[in-house]
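Asks: Next comes the structure file my_file.csv, holding CSV, C-alpha atoms.
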chain,number,residue,atom,x,y,z
A,1,MET,CA,390.5,97.9,196.4
A,2,HIS,CA,388.7,95.0,194.7
A,3,ARG,CA,390.9,94.8,191.7
A,4,GLY,CA,392.7,91.5,191.7
A,5,GLN,CA,391.7,90.8,195.3
A,6,PRO,CA,388.9,88.2,195.4
A,7,GLY,CA,386.5,88.7,198.3
A,8,SER,CA,387.2,92.3,199.0
A,9,LYS,CA,384.5,94.1,197.1
A,10,PRO,CA,384.0,97.8,197.5
A,11,ALA,CA,381.7,98.6,200.3
A,12,ILE,CA,379.0,100.3,198.1
A,13,GLN,CA,378.7,97.2,195.9
A,14,SER,CA,378.3,95.0,199.0
A,15,ILE,CA,375.6,97.3,200.3
A,16,ILE,CA,373.7,97.1,197.0
A,17,VAL,CA,374.0,93.3,197.0
A,18,GLU,CA,372.9,93.0,200.6
A,19,ALA,CA,370.0,95.4,200.0
A,20,THR,CA,368.7,93.6,196.9
A,21,GLU,CA,369.0,90.3,198.8
A,22,THR,CA,367.0,91.7,201.7
A,23,LEU,CA,364.3,93.0,199.4
A,24,THR,CA,364.0,90.2,196.9
A,25,GLY,CA,365.2,87.2,198.9
A,26,GLN,CA,367.7,86.3,196.1
A,27,ARG,CA,371.3,87.1,195.9
A,28,ILE,CA,371.7,89.2,192.8
A,29,ALA,CA,375.3,90.2,192.3
A,30,ILE,CA,375.9,92.4,189.3
A,31,ALA,CA,379.5,92.9,188.2
A,32,TRP,CA,379.2,96.7,188.2
A,33,LEU,CA,382.9,97.4,188.0
A,34,SER,CA,384.1,94.3,186.1
A,35,ASP,CA,382.0,94.6,183.0
A,36,PRO,CA,383.3,97.4,180.6
A,37,THR,CA,379.8,98.8,179.8
A,38,LEU,CA,378.5,98.5,183.3
A,39,ALA,CA,381.7,100.0,184.8
A,40,LEU,CA,381.1,103.1,182.6
A,41,VAL,CA,377.5,103.2,183.7
A,42,ALA,CA,378.5,102.8,187.4
A,43,VAL,CA,381.0,105.7,187.0
A,44,MET,CA,378.4,107.8,185.4
A,45,ILE,CA,375.9,107.2,188.1
A,46,ALA,CA,378.5,108.1,190.8
A,47,ASP,CA,379.4,111.3,188.9
A,48,ILE,CA,375.8,112.3,188.4
A,49,TRP,CA,375.1,111.5,192.1
A,50,GLN,CA,378.1,113.7,193.1
A,51,TRP,CA,377.4,116.7,190.9
A,52,THR,CA,373.6,116.9,190.6
A,53,PRO,CA,373.1,118.7,194.0
A,54,LEU,CA,375.5,121.5,193.0
A,55,MET,CA,374.0,121.8,189.5
A,56,LEU,CA,370.5,121.9,191.1
A,57,LEU,CA,371.5,124.6,193.5
A,58,ILE,CA,373.0,126.7,190.7
A,59,LEU,CA,370.0,126.3,188.4
A,60,LEU,CA,367.6,126.8,191.3
A,61,ALA,CA,369.4,130.2,192.0
A,62,GLY,CA,368.8,131.1,188.4
A,63,LEU,CA,365.2,130.0,188.5
A,64,VAL,CA,364.5,132.1,191.6
A,65,GLY,CA,366.0,135.0,189.8
A,66,VAL,CA,363.5,134.9,186.9
A,67,PRO,CA,361.4,138.0,187.2
A,68,ASP,CA,357.9,137.1,188.4
A,69,ASP,CA,356.2,140.0,186.6
A,70,GLN,CA,357.6,138.8,183.3
A,71,ILE,CA,356.0,135.5,183.9
A,72,LYS,CA,352.7,137.2,184.8
A,73,ALA,CA,352.9,139.4,181.7
A,74,ALA,CA,353.4,136.3,179.6
A,75,THR,CA,350.4,134.6,181.2
A,76,LEU,CA,348.3,137.7,180.6
A,77,LEU,CA,349.3,137.5,176.9
A,78,GLY,CA,348.0,133.9,176.7
A,79,ALA,CA,351.1,131.8,177.2
A,80,ASN,CA,350.6,128.4,178.8
A,81,ALA,CA,353.0,126.8,181.2
A,82,TRP,CA,355.3,125.2,178.6
A,83,GLN,CA,355.3,128.4,176.5
A,84,ARG,CA,356.3,130.4,179.6
A,85,PHE,CA,359.1,128.0,180.3
A,86,VAL,CA,360.5,128.1,176.8
A,87,THR,CA,360.0,131.8,176.1
A,88,ILE,CA,360.6,133.5,179.5
A,89,VAL,CA,362.2,131.1,182.0
A,90,LEU,CA,364.9,129.5,179.8
A,91,PRO,CA,366.1,132.8,178.1
A,92,ASN,CA,366.3,134.4,181.6
A,93,MET,CA,368.3,131.5,182.8
A,94,LYS,CA,370.7,131.5,179.8
A,95,THR,CA,373.6,133.0,181.7
A,96,ILE,CA,373.3,130.6,184.7
A,97,ILE,CA,372.9,127.6,182.4
A,98,ILE,CA,376.2,128.6,180.6
A,99,ILE,CA,378.0,128.9,183.9
A,100,ALA,CA,376.6,125.5,185.1
A,101,LEU,CA,377.6,123.9,181.7
A,102,ALA,CA,381.1,125.4,181.9
A,103,ILE,CA,381.7,124.1,185.4
A,104,ARG,CA,380.5,120.7,184.4
A,105,VAL,CA,382.6,120.5,181.2
A,106,ILE,CA,385.8,121.7,183.0
A,107,GLU,CA,385.1,119.3,185.8
A,108,ASN,CA,384.7,116.4,183.4
A,109,PHE,CA,388.0,117.1,181.8
A,110,LYS,CA,389.7,116.8,185.1
A,111,ILE,CA,387.6,114.0,186.7
A,112,PHE,CA,390.0,111.7,188.4
A,113,ASP,CA,389.3,110.7,192.0
A,114,THR,CA,386.0,108.9,191.4
A,115,LEU,CA,387.4,106.9,188.5
A,116,TYR,CA,390.7,106.1,190.2
A,117,ILE,CA,388.9,104.8,193.4
A,118,MET,CA,386.1,102.9,191.5
A,119,THR,CA,387.8,101.4,188.5
A,120,GLY,CA,391.3,102.8,188.1
A,121,GLY,CA,390.4,103.5,184.5
A,122,GLY,CA,389.5,99.8,183.8
A,123,PRO,CA,388.5,97.2,183.0
A,124,GLY,CA,391.0,97.6,180.2
A,125,VAL,CA,390.6,101.2,179.2
A,126,ALA,CA,386.8,101.3,179.5
A,127,THR,CA,386.6,104.1,182.0
A,128,GLU,CA,389.9,105.8,181.3
A,129,THR,CA,389.5,109.5,181.0
A,130,ILE,CA,392.2,111.9,179.9
A,131,SER,CA,393.2,112.7,183.5
A,132,VAL,CA,393.5,109.0,184.5
A,133,TYR,CA,395.5,108.4,181.2
A,134,ILE,CA,397.8,111.3,182.1
A,135,TYR,CA,398.3,109.8,185.6
A,136,LYS,CA,399.1,106.3,184.2
A,137,VAL,CA,401.5,107.6,181.6
A,138,THR,CA,403.2,109.8,184.2
A,139,ILE,CA,403.5,107.1,186.9
A,140,GLN,CA,404.0,104.0,184.8
A,141,ASP,CA,405.7,105.2,181.6
A,142,LEU,CA,407.5,108.2,183.0
A,143,LEU,CA,407.0,110.1,179.8
A,144,TRP,CA,407.2,113.6,181.4
A,145,SER,CA,407.4,115.7,178.2
A,146,TYR,CA,404.5,113.8,176.6
A,147,VAL,CA,402.1,114.3,179.6
A,148,ALA,CA,403.2,117.9,179.9
A,149,ALA,CA,402.2,118.4,176.2
A,150,ILE,CA,398.8,116.7,176.9
A,151,ALA,CA,398.2,118.8,180.0
A,152,LEU,CA,399.1,122.0,178.1
A,153,THR,CA,396.8,121.1,175.3
A,154,ILE,CA,393.9,120.5,177.8
A,155,LEU,CA,394.7,123.9,179.3
A,156,ILE,CA,394.5,125.6,175.9
A,157,VAL,CA,391.2,123.8,175.0
A,158,LEU,CA,389.6,124.6,178.3
A,159,SER,CA,390.8,128.2,178.1
A,160,ILE,CA,389.2,128.5,174.6
A,161,LEU,CA,386.0,126.9,176.0
A,162,ALA,CA,386.0,129.3,179.0
A,163,VAL,CA,386.4,132.4,176.7
A,164,VAL,CA,383.6,131.2,174.4
A,165,ALA,CA,381.3,130.7,177.5
A,166,MET,CA,382.2,134.1,178.9
A,167,LYS,CA,381.5,135.8,175.6
A,168,ARG,CA,378.1,134.1,175.3
A,169,MET,CA,377.4,135.2,178.9
A,170,ALA,CA,378.5,138.8,178.1
A,171,SER,CA,376.3,138.9,175.0
A,172,ALA,CA,373.3,137.6,177.0
A,173,ARG,CA,373.9,140.2,179.7
A,174,ASP,CA,374.3,143.0,177.2
A,175,ALA,CA,371.0,142.1,175.6
A,176,GLU,CA,369.3,142.3,179.0
A,177,ALA,CA,371.0,145.5,180.2
B,1,MET,CA,325.5,147.8,180.2
B,2,SER,CA,328.9,148.2,181.8
B,3,ALA,CA,332.0,146.8,180.1
B,4,ILE,CA,333.4,146.0,183.5
B,5,HIS,CA,331.3,145.5,186.6
B,6,LEU,CA,332.9,144.8,190.0
B,7,GLU,CA,330.0,143.4,192.1
B,8,ALA,CA,331.1,143.7,195.8
B,9,PRO,CA,334.4,142.0,195.5
B,10,VAL,CA,336.3,141.2,198.7
B,11,LYS,CA,339.9,140.0,198.9
B,12,LYS,CA,341.3,138.4,202.0
B,13,PHE,CA,344.8,137.0,202.5
B,14,GLY,CA,344.3,134.9,205.6
B,15,GLU,CA,342.9,137.1,208.3
B,16,PHE,CA,344.0,140.3,206.5
B,17,THR,CA,341.4,142.0,204.4
B,18,ALA,CA,343.2,143.6,201.4
B,19,LEU,CA,340.0,144.8,199.8
B,20,LYS,CA,336.7,145.6,201.5
B,21,THR,CA,333.6,145.4,199.5
B,22,PHE,CA,332.7,148.1,197.0
B,23,ASP,CA,330.8,148.4,193.7
B,24,LEU,CA,332.3,149.7,190.5
B,25,LYS,CA,330.9,150.0,187.0
B,26,ILE,CA,333.1,151.0,184.1
B,27,ALA,CA,331.3,151.8,180.9
B,28,ASN,CA,332.7,151.0,177.4
B,29,GLY,CA,335.3,153.6,176.4
B,30,GLU,CA,335.3,155.2,179.8
B,31,PHE,CA,338.6,156.4,181.3
B,32,MET,CA,338.7,155.4,185.0
B,33,ALA,CA,341.5,156.2,187.5
B,34,LEU,CA,341.7,154.5,190.9
B,35,LEU,CA,343.2,156.9,193.4
B,36,GLY,CA,343.9,156.2,197.1
B,37,PRO,CA,346.6,155.9,199.8
B,38,SER,CA,349.1,153.1,199.8
B,39,GLY,CA,347.5,149.7,200.9
B,40,CYS,CA,343.9,150.7,200.1
B,41,GLY,CA,343.5,147.9,197.5
B,42,LYS,CA,344.2,149.6,194.1
B,43,SER,CA,346.6,147.0,192.9
B,44,THR,CA,344.5,144.2,194.4
B,45,THR,CA,341.5,145.5,192.4
B,46,MET,CA,343.6,145.7,189.2
B,47,ASN,CA,345.0,142.2,189.8
B,48,MET,CA,341.5,140.8,190.3
B,49,ILE,CA,340.3,142.4,187.0
B,50,ALA,CA,343.3,140.9,185.2
B,51,GLY,CA,342.8,137.5,186.8
B,52,MET,CA,346.0,137.4,188.8
B,53,GLU,CA,344.0,137.2,192.0
B,54,ALA,CA,340.6,135.6,192.6
B,55,PRO,CA,338.2,137.5,194.8
B,56,THR,CA,337.4,135.8,198.1
B,57,SER,CA,333.7,136.8,197.6
B,58,GLY,CA,331.8,139.0,195.1
B,59,ARG,CA,331.9,138.9,191.3
B,60,ILE,CA,333.7,140.5,188.5
B,61,LEU,CA,331.7,140.8,185.3
B,62,PHE,CA,333.0,141.6,181.8
B,63,GLY,CA,329.7,142.6,180.1
B,64,ASP,CA,327.3,139.9,181.3
B,65,ARG,CA,330.0,137.3,181.7
B,66,ASP,CA,331.1,136.3,185.2
B,67,MET,CA,334.9,136.0,185.0
B,68,ALA,CA,335.3,133.6,187.9
B,69,GLY,CA,337.6,130.8,186.8
B,70,VAL,CA,338.5,132.5,183.5
B,71,PRO,CA,342.3,132.3,183.1
B,72,MET,CA,344.4,135.5,182.7
B,73,GLY,CA,345.3,134.8,179.1
B,74,GLU,CA,341.7,134.5,178.0
B,75,ARG,CA,340.4,137.7,179.6
B,76,GLY,CA,341.8,140.0,176.9
B,77,VAL,CA,343.1,142.5,179.5
B,78,GLY,CA,346.1,144.7,178.8
B,79,PHE,CA,348.2,145.4,181.9
B,80,VAL,CA,351.0,147.8,182.4
B,81,PHE,CA,353.0,146.6,185.3
B,82,GLN,CA,354.6,149.1,187.8
B,83,ASN,CA,358.1,148.3,186.4
B,84,TYR,CA,356.7,147.5,182.9
B,85,ALA,CA,357.8,143.8,183.0
B,86,LEU,CA,359.3,144.1,179.5
B,87,PHE,CA,360.9,140.9,178.1
B,88,THR,CA,364.5,142.1,178.3
B,89,HIS,CA,365.8,139.1,176.3
B,90,THR,CA,363.7,139.9,173.2
B,91,THR,CA,363.5,142.7,170.7
B,92,VAL,CA,360.6,145.1,170.7
B,93,ARG,CA,359.2,143.4,167.7
B,94,GLN,CA,359.3,140.0,169.4
B,95,SER,CA,357.7,141.5,172.5
B,96,LEU,CA,354.9,143.0,170.5
B,97,ALA,CA,354.3,139.9,168.5
B,98,TYR,CA,354.4,137.7,171.7
B,99,GLY,CA,350.7,137.8,172.4
B,100,LEU,CA,349.8,137.1,168.7
B,101,LYS,CA,352.3,134.2,168.7
B,102,MET,CA,350.9,132.7,171.8
B,103,HIS,CA,347.4,132.9,170.2
B,104,ARG,CA,348.8,131.5,166.9
B,105,ARG,CA,347.7,134.7,165.0
B,106,ARG,CA,349.5,136.0,162.0
B,107,ARG,CA,352.0,138.8,162.9
B,108,PRO,CA,351.0,142.2,161.4
B,109,LYS,CA,353.6,143.6,159.0
B,110,SER,CA,353.7,146.9,160.8
B,111,ILE,CA,355.5,145.2,163.7
B,112,GLY,CA,358.4,144.3,161.5
B,113,ALA,CA,360.1,147.7,161.8
B,114,CYS,CA,360.8,147.6,165.6
B,115,GLU,CA,364.0,145.5,165.6
B,116,ARG,CA,365.3,147.2,168.7
B,117,TRP,CA,366.0,146.2,172.3
B,118,PRO,CA,363.4,147.4,174.9
B,119,ASN,CA,366.1,149.4,176.8
B,120,SER,CA,366.6,151.6,173.7
B,121,CYS,CA,363.0,153.0,173.6
B,122,SER,CA,360.1,154.0,175.9
B,123,SER,CA,359.3,151.2,178.3
B,124,ARG,CA,355.8,152.5,178.9
B,125,ARG,CA,354.9,152.7,175.3
B,126,CYS,CA,356.4,149.3,174.6
B,127,SER,CA,354.4,147.8,177.6
B,128,ILE,CA,351.2,149.4,176.4
B,129,ALA,CA,351.7,148.3,172.8
B,130,ARG,CA,352.4,144.7,173.8
B,131,ARG,CA,348.7,143.9,174.4
B,132,PRO,CA,347.5,142.6,171.1
B,133,SER,CA,344.3,144.1,169.9
B,134,PHE,CA,342.3,141.0,168.8
B,135,ARG,CA,339.3,139.5,170.4
Have the structure of the file written as structure tokens, please.

Replies:
Amino acid sequence: MHRGQPGSKPAIQSIIVEATETLTGQRIAIAWLSDPTLALVAVMIADIWQWTPLMLLILLAGLVGVPDDQIKAATLLGANAWQRFVTIVLPNMKTIIIIALAIRVIENFKIFDTLYIMTGGGPGVATETISVYIYKVTIQDLLWSYVAAIALTILIVLSILAVVAMKRMASARDAEA
Amino acid sequence: MSAIHLEAPVKKFGEFTALKTFDLKIANGEFMALLGPSGCGKSTTMNMIAGMEAPTSGRILFGDRDMAGVPMGERGVGFVFQNYALFTHTTVRQSLAYGLKMHRRRRPKSIGACERWPNSCSSRRCSIARRPSFR
């Protein structure tokens, strides 16, 4: 894409520049993907943009599942909106929050396409995640056994995380049963 | 003087009239049962006394006080829901102490013994006991 090719900026960057020029009348070109800090911010924005709808849907499903009569009972007992949220809504959503977090954590470990398209892990190693690193070592350095070890380690770490999340879910479910 | 006085309350949901006007006086300490066929407005009446629904017209008085606009939590009404609405994520002790905690009252020591989950004891009794007796 734009790396090393002057004049060929990614379409999204051009759109932002054009939009700000139309709105402000000045050409404000921010080097979103060239500056190490801004590149990380840009990648984060893209990732949040990509994943927020799914997280919203998952959490909304959990929110809809909170028993209405429990909320009414809490209101009758004098709880205000914040107290109802903390003492009734959040504990009832515990399982769904753990699921959403587990999905996000696992997805973050294997995030690749967004980074590869936007920055390729750069500038330097500013946005290099473990999956981009594995790809680079595999393609560029051909260290097959090394990357296999890394991948296996990730698998073990994620498996442990998944087991912990499932245990927390099971204990939350048992308490409610 | 009645403890609770329902002065011609009417409840309408759009065009549908859920509760037609009637008068009801409940004296202090009186045990009152509302009986009637399904859809006659028993639950609506209870909901209006508890403050979950506001009457479309008419008044609800606690003593001499008109309860119009008084929030649920400030009415001091105990309510046993049809399915008990127990807090399944808390122990019985935490459930019973909930109202006191919300009103920032000191928790009575007698509650300390009930460190069990609601599913392991009588839902009805737990639901009745949840209403804190302070006013």

Asks: Dump as number ranges by chain the residues of chain B that approach chain A to within 7 Å, counting all atoms listed in the file.

Replies: B: 72-74, 85-89, 99, 102-103, 131

Asks: Generate a file of the selected residues that holds C-alpha atoms, formatted as a CSV table (one decimal), in the coordinates of the input.

Replies:
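Done, and the output landed in out-v7.csv:
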chain,number,residue,atom,x,y,z
B,72,MET,CA,344.4,135.5,182.7
B,73,GLY,CA,345.3,134.8,179.1
B,74,GLU,CA,341.7,134.5,178.0
B,85,ALA,CA,357.8,143.8,183.0
B,86,LEU,CA,359.3,144.1,179.5
B,87,PHE,CA,360.9,140.9,178.1
B,88,THR,CA,364.5,142.1,178.3
B,89,HIS,CA,365.8,139.1,176.3
B,99,GLY,CA,350.7,137.8,172.4
B,102,MET,CA,350.9,132.7,171.8
B,103,HIS,CA,347.4,132.9,170.2
B,131,ARG,CA,348.7,143.9,174.4

Asks: In Å to one decimal, how far is CA of Arg130 (chain B) from CA of Ala97 (chain B)?

Replies: 7.4 Å

Asks: Would you pick out the contacts of region 31-34 of chain B at 12 Å or less, using all atoms listed in the file, so that residues sharing its chain but fewer than 4 positions from it are not included, and give the list as a list in words?

Replies: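 Everything that qualifies: Ala3, Ile4, Leu24, Lys25, Ile26, Ala27, Ser38, Cys40, Gly41, Lys42, Ser43, Thr44, Thr45 and Met46 of chain B.
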
Asks: Counting all atoms listed in the file, which residue out of A:Trp32, A:Trp49, A:Phe109, A:Tyr133 sits closest to Ile154 (chain A)?

Replies: A:Phe109

Asks: Hey, which of B:Ser95, B:Ser122, B:Ser127, B:Thr56 ends up closest to Phe13 (chain B)? Count all atoms listed in the file.

Replies: B:Thr56

Asks: Record the distance separating CA of Gly65 (chain A) and CA of Ile103 (chain A), expressed in Å with one decimal.

Replies: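 Separation of CA of Gly65 (chain A) and CA of Ile103 (chain A): 19.6 Å.
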
Asks: May I ask for the distance between CA of Val64 (chain A) and CA of Trp82 (chain A), given in Å to one decimal place?

Replies: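 Calculated distance between CA of Val64 (chain A) and CA of Trp82 (chain A) is 17.4 Å.
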
Asks: Give the answer as one residue: which of A:Gly62, A:Pro53, A:Pro36, A:Gly25 has the shortest atom-to-atom distance to Ile97 (chain A), using only C-alpha atoms?

Replies: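 Going through A:Gly62, A:Pro53, A:Pro36, A:Gly25 one by one, the smallest distance to Ile97 (chain A) is for A:Gly62.
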
Asks: Have a look at A:Leu101, A:Ala165, A:Pro123, A:Lys110 and name the one nearest to Ala151 (chain A); count all atoms listed in the file.

Replies: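 Of the candidates, the smallest distance to Ala151 (chain A) is held by A:Lys110.
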
Asks: With distances taken over all atoms listed in the file, which residue among A:Ala149, A:Leu115, A:Leu143, A:Ile160 lies nearest Val41 (chain A)?

Replies: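 Among the listed residues, A:Leu115 lies closest to Val41 (chain A).
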
Asks: As an MDAnalysis selection string, please: the residues near Ala162 (chain A) (cut-off 10 Å, all atoms listed in the file, same-chain neighbours under 4 positions excluded).

Replies: chainID A and resid 98:99 102:103 105:106 156:158 166:168

Asks: Using all atoms listed in the file for the distances, tell me which of B:Trp117, B:Phe81, B:Phe22, B:Phe16 is nearest to Ile60 (chain B).

Replies: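 Between B:Trp117, B:Phe81, B:Phe22, B:Phe16, the residue approaching Ile60 (chain B) most closely is B:Phe22.
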
Asks: Please identify all polymer residues within 12 Å of Ile48 (chain A), counting all atoms listed in the file, omitting same-chain residues fewer than 6 positions from it, and present them as number ranges by chain.

Replies: A: 41-42, 54-56, 104, 107-108, 114

Asks: N, CA and C atoms are needed for region 11-35 of chain B; please write them out as a short mmCIF file (atom, residue, chain, number, x, y, z; two decimals), in the frame of the given file.

Replies:
data_model
loop_
_atom_site.label_atom_id
_atom_site.label_comp_id
_atom_site.auth_asym_id
_atom_site.auth_seq_id
_atom_site.Cartn_x
_atom_site.Cartn_y
_atom_site.Cartn_z
N LYS B 11 338.68 140.82 198.97
CA LYS B 11 339.90 140.00 198.90
C LYS B 11 340.52 139.87 200.25
N LYS B 12 340.67 138.64 200.72
CA LYS B 12 341.30 138.40 202.00
C LYS B 12 342.55 137.54 201.81
N PHE B 13 343.62 137.90 202.48
CA PHE B 13 344.80 137.00 202.50
C PHE B 13 344.91 136.54 203.96
N GLY B 14 344.42 135.36 204.22
CA GLY B 14 344.30 134.90 205.60
C GLY B 14 343.34 135.69 206.37
N GLU B 15 343.81 136.25 207.47
CA GLU B 15 342.90 137.10 208.30
C GLU B 15 342.89 138.54 207.79
N PHE B 16 343.91 138.88 206.98
CA PHE B 16 344.00 140.30 206.50
C PHE B 16 343.10 140.55 205.33
N THR B 17 342.32 141.59 205.48
CA THR B 17 341.40 142.00 204.40
C THR B 17 342.10 143.05 203.54
N ALA B 18 342.48 142.67 202.33
CA ALA B 18 343.20 143.60 201.40
C ALA B 18 342.21 144.53 200.73
N LEU B 19 341.01 144.04 200.51
CA LEU B 19 340.00 144.80 199.80
C LEU B 19 338.65 144.64 200.39
N LYS B 20 338.09 145.74 200.90
CA LYS B 20 336.70 145.60 201.50
C LYS B 20 335.75 145.83 200.31
N THR B 21 334.55 145.41 200.57
CA THR B 21 333.60 145.40 199.50
C THR B 21 333.23 146.77 198.94
N PHE B 22 333.09 146.84 197.65
CA PHE B 22 332.70 148.10 197.00
C PHE B 22 332.10 147.70 195.60
N ASP B 23 331.39 148.60 195.01
CA ASP B 23 330.80 148.40 193.70
C ASP B 23 331.43 149.33 192.69
N LEU B 24 331.74 148.83 191.52
CA LEU B 24 332.30 149.70 190.50
C LEU B 24 331.82 149.29 189.13
N LYS B 25 331.33 150.28 188.38
CA LYS B 25 330.90 150.00 187.00
C LYS B 25 331.71 150.88 186.08
N ILE B 26 332.32 150.27 185.11
CA ILE B 26 333.10 151.00 184.10
C ILE B 26 332.43 150.82 182.77
N ALA B 27 332.02 151.91 182.16
CA ALA B 27 331.30 151.80 180.90
C ALA B 27 332.34 151.62 179.74
N ASN B 28 331.84 151.16 178.61
CA ASN B 28 332.70 151.00 177.40
C ASN B 28 333.30 152.30 177.01
N GLY B 29 334.61 152.37 176.86
CA GLY B 29 335.30 153.60 176.40
C GLY B 29 335.54 154.59 177.53
N GLU B 30 335.06 154.30 178.72
CA GLU B 30 335.30 155.20 179.80
C GLU B 30 336.69 155.17 180.34
N PHE B 31 337.20 156.31 180.73
CA PHE B 31 338.60 156.40 181.30
C PHE B 31 338.43 156.46 182.79
N MET B 32 338.92 155.48 183.50
CA MET B 32 338.70 155.40 185.00
C MET B 32 340.07 155.40 185.66
N ALA B 33 340.22 156.20 186.70
CA ALA B 33 341.50 156.20 187.50
C ALA B 33 341.12 155.79 188.91
N LEU B 34 341.90 154.89 189.47
CA LEU B 34 341.70 154.50 190.90
C LEU B 34 342.77 155.25 191.69
N LEU B 35 342.31 156.09 192.59
CA LEU B 35 343.20 156.90 193.40
C LEU B 35 343.02 156.48 194.88
#
